[in-house]
Structures are given as structure tokens and as C-alpha cells.
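**Q** Sharing a structure with you now.
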Amino acid sequence: MSTILILILFPLLCAILLSLVRNDELRGWIVRIAVVTIAATTIYLGWEFFNSPNKYYFEHAGILKYFFVSAEIFISVLILAAGIKYKKFSVVIMSIVQTSGILWFEIAGNKLELQILGHMYVDKLSVIMSLIIGVIGGLICLFAVSYMREYHQHHREYKDRRRVFFPLLFVFLSSMFGIVFTNDFSWMFLFWEITTYCSFIFIGYTKTKEATNNAFTALILNMIGGLGFTGAIIYLGMVKGITELDQLLKYGINDPEILLPLFLFGIAALTKSAQLPFSKWLLGAMVAPTPTSALLHSSTMVKAGVYLIIRLAPLFTGNIVGIMVAVVGGLTFVLASFMAISQSDAKKVLAFSTIANLGLIVACGGIGTYESIWAGVFLIIFHAVAKSLLFLSVGTTENILGSRDIEDMHGLIVKLPQVAFFMAIGIAGMFLAPFGMLISKWAALRAFIDSKNILIVLFLVFGSAATLFYWTKWLGKLTAVLYKVEKVEAEVKSDAKISLAIHAFLTIVLCMFFPIISRLLIEPYLIDVFGQSNITIIGRDNQVIMVIMMCMVALVPFAMRVLTSGDERITTSYMGGVNVGDNRMFIDSMGREKRMFLTNWYMESYFGDKKLLLPGIITGAIVIALGFALVLGSVL
Amino acid sequence: MNILYAVIYVVLAPILGGLLSGVDRIITARMQGRKGPPVLQPFYDVMKLFTKQNAIVNRTESFFVFFFLIFTVFTGVLFFGQMDLLLVIFALTLSGVFLILGAYSANSAYSTIGAEREMLQVMSYEPMVLLVGVGFYLSTKSFAISDIMMARLPAIIYMPGVFLGFIYILTIKLRKSPFDLSTSHHAHQELVKGITTEFSGPTLAYVEIAHWYENILLMGFVYLFFAFDSIWSPVIGIAATLIIYFMEILVDNGYARVKWKIVLGTSWVIAATLAFINLVVLNFLG
């Protein structure tokens, strides 16, 4: 049995097993074993394909075709039922349109058929994605065991639905593997829809009114994408006879007839990745428990959208759809980065940051050059690791301190030193040199300039400036050394601790070894696509310097612990001469003791989402409408 | 990497930076109708700071400041060693973050507001600085400073708009009025010493020395606009940096500090117009 089949079927088996288990202890062990197995299998897959050629599977679909059609009907029925139950008629209508479209195409559609090399396909990009899904996804599931236990201890008001939660985590992993291993668009669409449905259930986990509403927002926006996907499948199948991704990449280059399906795929990807104007659902998805936010809404599911764009990137170079996608991506990057400044809810900051970075990846894909795809793939890798680390740290903090507001993380380095340390690595990993995201942004900047797209360059530099602001102020909150405050007595469970530690380790190590990752995995993929590889994006000199910088930065926490001079005089902080003596209270003008509060700067009147989100949505919609008009114009 | 220039930088930059600071104070004084201190005063000040006891709120802040110094020097080494310009810009940001974290770690009112203002300053000039990098790439087709030094024509001919934008935000980076929001060489009315409030003795001396290194680096940036493959290049370059620095002193004395909204707003508008239009034209032509 091929490795990819194991990766798709084994999580499903775990899901079935987990749905039968009531005992939390047993559940924890099943998850631990499952996670290790899945991660090990993805690493094995990487080793399998390390120096080997890419491979096709399932030249003939056989009875699988019927399985896929029935599964698609099944999911549509589930969605339809949800729409009817909660009286969301847009869901009902979209579901009916989508399902009828797919069914008609599969059964009755008049298809011209090109030769199919295989319904499934594995290359280096699939390997990279599967490693992210398997390792990072696995670590998140591991974290979820202790997290959900504490979550339900703190939130007795929510019904304990862990018998739905954990199986669904593995169903989701299975469908993500499905997306990155399929070549056939109809098969990919099934997996795509399963992830939409999983997201819907996860967001609505607590069954509060807010959660249910947000779940439906996510469902509706993702279904718009689903309709686009369906339209693209039908058009490609009937007009061009293309049913497989590799066929599209082979025959579609410079073919004006594929502009329309390309646009429709673009819409599907943009909705899945919560780009403007479709960003609202990701913001609302933050009501879900932290493992959901980490797994679906930053590291994996939203990566499915950008994965599709990266796959299709060679088709985007220089045409109207590519430019539209790139502009939407760049616009999303800059506006989402601005809006992140005004948020004090840590998960909202992470959500906006995710949307922004996905925008950057989308822009890289839209430009579609060798350099930009190189940058885009690295952005995917580094963002998945660092953002996941951040979500897990924030989740841990929230479970212990009871709050996820950044203001309450003031002095976390004193209150929860271990968690603060991991969180700091995550934050640094998101924007500081020499960490991975910085490397990727560097490459993206070069790629944008080389592609002669100065507008996107402008988006990048302004977004980067905003990025720096909101991460540094959060980092500052963490490093405030509170005077004579005790460490909080709380134990981070070993599952969570192992997960956080491996994340932090990967954040640092991956960026030290990025040249190797580039040479082993990314450049081979790019050679497959473009046929040449004489471009050095980040030269050897720079690589050496960055390793030196990383070692220097890594020294910082050790230097602080190890080196002391002993010669200092510790004083109280300067409060204009009226410090009571505990660095917290001062004597006010009436002679009474008053508490000092330090908060961050949010600039809501300039960067608030109330100011920027709606204009962003409108602008994004205009860009897409313009793109659509131009595509229609060229087709008709 | 140009090891010779890098070593010269490490050794000479604090001396030149201190002298520049001293000359700055004399010229400033003369503009204000005073006589001014001796030219070597900054060195006397720093040496005196080293003799003082290190009074700090906690040990973390002095470590952050120490790393601020290390990374500033490192950035200068990258620049004068003629490595990659974008990496220099990113490394400079990294060193700035250490100073900000140092101020935050003190958990003091004045230093925290100073830190927030410092971040605002960085956010204000960051787009422009990155566009400078982009401009050099468009002018010389390379980010390598060694290539920029060997250009046929000085880059300023290709990017006058970018240069003007850079000079504008240089006022922020040099901590000159009207943009000296987070700290300056004279006490603030509302922030005492802003970001450096809780630093004293040797810690404050390190900040001062780091600023000397940084100022020489910034003058190097100005020089880079005038660098080209000719014997006249050093003459024109150094003359330009001295004229620009004099203008900065003039602006410092001529304007009062402005509100943060003006700093952020004007810097961004200038980056998005002057620099952007220059780059669009350059992109179109080149």
C-alpha cells in the first residue's frame, strides 16, 4: 500500500476509533500514538521521495469514482441539513447549486477526455506540504489533548463535545493530505469541501450564538469559493477536456481560454485563505478553541488555499488573473497588518497576522516567477511553524491566566517564564532577522522588484513597517520585568510542553538550515516547473551571515542567565520622584498612593478594523470585479 | 567581504562618531548664541559615565542595551564590509528592537512611553528605508554594496526623489527635532529622557557609543547615494554627508518637536509619493 494512501486512510481510522472512546486518558493515548505515527510516516514519505522522481498513482479510477461522487453528495447533504436547521437559506441554495453542478458533470456531462497519467501525484511540493500537515498538525493535535481537558475544566458552561472534536481533527488531517496528494480536480474538491465542513463544525464547537453565527459566516464564504471551484471543474472538463492539475499546467500556459477557470480557482483559493474581501470569516473563527485556530486557521486549512495558488502559479505569470490575485494579496497584506496594530486580543492579532501573511503568499503566487514561488513556499513553511507556536503559547497562557488579552501578558517573562520564552521565539520568528519569515520576506521583496511590480513592493514595505510595530509592542509586554512578582504556580502539561518545545526548536533550526531545505525540496520542485535553476536568491555570503546572526540572537537568553557582573545598584524606576518604592504605586498630587498602569498603543482611530475593514472589503471586491470583467472581456 | 573597511569601521567609527557629536554640539551652540563645549566633550561624557555606578532597575535592561550595541556594530560591519544592503537594513531593525526591549524591560512609565514612541518612529521611517534599498537595486541591478560602489553614475542621479525622502526620515533616525519623540540629547518636558530614562552609568555609555556607530553608518548611507567608480567619489560623497549633517543640525535648531501623527503621516506620505513615483519612473525606464 502506498505511503500516501496510509496518510489519507490512517487518520480516518483514528477518527473512527476516537469517536468510540469516552475515556479521556485512553483518548490521549490514541492521539499520542496516532500523531507519532502520522508524523513519522510523513518523514518517511520525504525520505522516499528525497532523490526519487515524482510519482503518479491511480491511472484508472475504477470504483473510486463512485466513492468520490457519493462522498460529495454526503457532504452536501450534511451542509444542506445544517442550512435548513438554522434557516440559512443562502447555504441551502449554494449547496443545491453546487451539488447539482458536480453531479451533472460527473454523470451526464459531455467530457472530452485527455489522457490521464494518474489521479494522484506526489512531488516535492506535496512532500513539503505533507510534512507541515503531519508534523505541525500532529504537534497541534498532541497539544490539544491536555488543552481541551483544561478548557472544559475552565468552561463548564460549554458542553463537552470532545467525542466530536478529536475525531474531526483527524478527519481534517486526512482531507488535507488528500488535497496535497491529488491530481484530479474533482477528487481535490471533495477533500476541499470536507475541510470547509470541518471548519464549520469546529468554529461552532461551543454552540453559543456567536459561535454558530461565525460558523455560518465561514461556511457561506467558503461555499462561494466552492462554487468557484465547481465552475472551474465543469468549464475545464467540458471545454478543454482537462480534469487533472498536471494537464492544466501542461496545456494551459499562455492559453487565453483558461483565464476564466483560472479566475474561478483563484476565487476558491482566496476565500479559503480569507483574503479581502472574504476575510471576515477568519476573524470570526477565533471563537473556536485554540487547537482549531492553530490547526485550521493558521497552519493548515488556510494553507490549502495558498497551496492551490502556488500550484497554479506558473499559469498566473503576466496575465490578468495573476495580476488581480497579486494585487488582492498585497492589499490584504498591508491592510491586515495595519488592523493588527489596533487589536489587544492576542488571537485577533494572530488572525490578522495570518490573513496578512497569506496575502503575501498569494501575492507571490500571483506573480508566478521562479523567485516569487521560492519565496512563497518558504513563507508557507515558516509561517506554519511560527504561527502555530504562537497560537499554542497564547492558548496555554489563556488556560493558566484566564485571559488572552495582550495587556494581561504584561510581564509574562516573570509570571510564566517558560511560556513567555516560547511565545517570544514565535514572535521573533514572525518578523525579526535572521528568522525564517524575514528571509522569506526578503526573497519576496526581490521577487516583486524583479517582476517589475512596484505597487506590490509598496504594499510590502508599508505592511512590513506595521508588522514590526505590533509584534515589537507585544514582545515588549512580555519582557517587562515586573518588580517582586512571583512566578505563577501552574504546571504546563508535558504534552503541551513537548509540542511547544518542538515548535520552538523547529522555528530556530529550520531557518538555520533553510539553504538545505531549498536545495533538497524547493529547488527541485521549481526545476520541475520552470526547467532551470541558475538563480541564487539568497547568496552564500548572506547565508553565512544569517547563521552568525542566529547564533548571536540565540546567545541572548543564555547571556542573561549566565552573565552577571554583580556590580550594579538595583534602584526603583523613575516616576518623577514620587515612586512609593515598589515600582507599582506612586504618590499622587493629593498625597495618596495611586497605581501605575502601562498599556500598549493601539491607534484605533487610524488602524482600527472599524476604520479599515469595510474599505478593505470594498476595495478587494472592486479589484476582483475588475478582474472578472477583464477576464470576461477577453473570453467573449 | 571587505575586511579592511570593516575593521577600520569598528576602530574608527566611535572616534569619528564622537567627534561628529562634538562638532554638532558646538555648531548648535553657536546657532543659539552660545560658545559651546569643547569638541571632545562627548568623549569626556562617556568616560565619566563609565566611572559611575550602574544604577539599573533590573539586570535584563543592561543586557538588552549591550546587545543593542553589539548588533549596531555588527550592522555597521556588514555595511562597511560591503555586503548586502537589504540585510543591513534588516539588521539595523534588529538592533533597534533590542533598544526598545531594553526600555520595556525596565517596566517604568517614561521608558515605556519612550519605547512606544521609538516603535512609532521605526514604523515611520521603515517604508522609506526599504524603498531606499529598492531604489538602489533598480539603479544598479544589485543589492550588493560592493556593486553600488562601482556604479557608473552616482545613484542620486537615478533617484533624487528617494534621496529627498531619505533625508527627510534621516531627521528621525538621527533623533533630531522636530522628530525626536522618543529621546534626544536634551531632556524632554513630558518624557524626562524617554527611552533612555532608566539607563545610567555604563549602560547609558553603551547607548551613546552605539549611537556614534549608528550615526557613522547613517552617514555611510548618505555617501552611498553619491558613490560611483571615480576618484572624485570620496570627495563628493564626504562633502555631501557633511552638508547634509549640517542641514540636519539647522533643522534641529529651527523646528520644535511635532506630534506623533505628523511624524507618521508625513513620513508615510513622502515615502508613498516622492519615493514611490521616483521608483515607478525608474522601473519604467530601466
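Here's how to read the names in the C-alpha cells: chain A, B, ... by the order shown, residue numbers from 1 in each chain, ligand numbers from 1 in the order shown.
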Write out as a VMD selection string which residues come within 12 Å of Ile277 in chain B when counting only C-alpha atoms, dropping same-chain ones fewer than 6 positions away.

**A** (chain A and resid 454 to 455 458) or (chain B and resid 131 135 159 to 162 165 269 to 271 283 to 284)

**Q** Tell me which protein, DNA and RNA residues are within 6 Å of range 91-95 of chain B, counting only C-alpha atoms, leaving out same-chain ones fewer than 4 positions away, and put them as a VMD selection string.

**A** chain B and resid 68 71 to 72 75 87

**Q** I need the contact residues of chain A against chain B, so if you could list those with any atom within 8 Å, counting only C-alpha atoms, and return them as a ChimeraX atom specification, that would help.

**A** /A:432-433,442,449,452,454,458,461-462,464-466,468-469,472-473,475-477,479-482,542,556,559-560,567-575,583,596,598,600-601

**Q** In Å to one decimal, how far is CA of Val222 in chain B from CA of Ala239 in chain B?

**A**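 Calculated distance between CA of Ala239 in chain B and CA of Val222 in chain B is 10.4 Å.
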
**Q** Mind checking DSSP for range 4-37 of chain B and telling me the alpha helix (DSSP H) residues as a list in words?

**A** Leu4, Tyr5, Ala6, Val7, Ile8, Tyr9, Val10, Val11, Leu12, Ala13, Pro14, Ile15, Leu16, Gly17, Gly18, Leu19, Leu20, Ser21, Gly22, Val23, Asp24, Arg25, Ile26, Ile27, Thr28, Ala29, Arg30 and Met31 of chain B

**Q** Set the distance at 9 Å and use only C-alpha atoms: which residues neighbour Met150 in chain B once local chain neighbours fewer than 6 positions away are removed? I'd like the list as a PyMOL selection string.

**A** chain B and resi 227-230
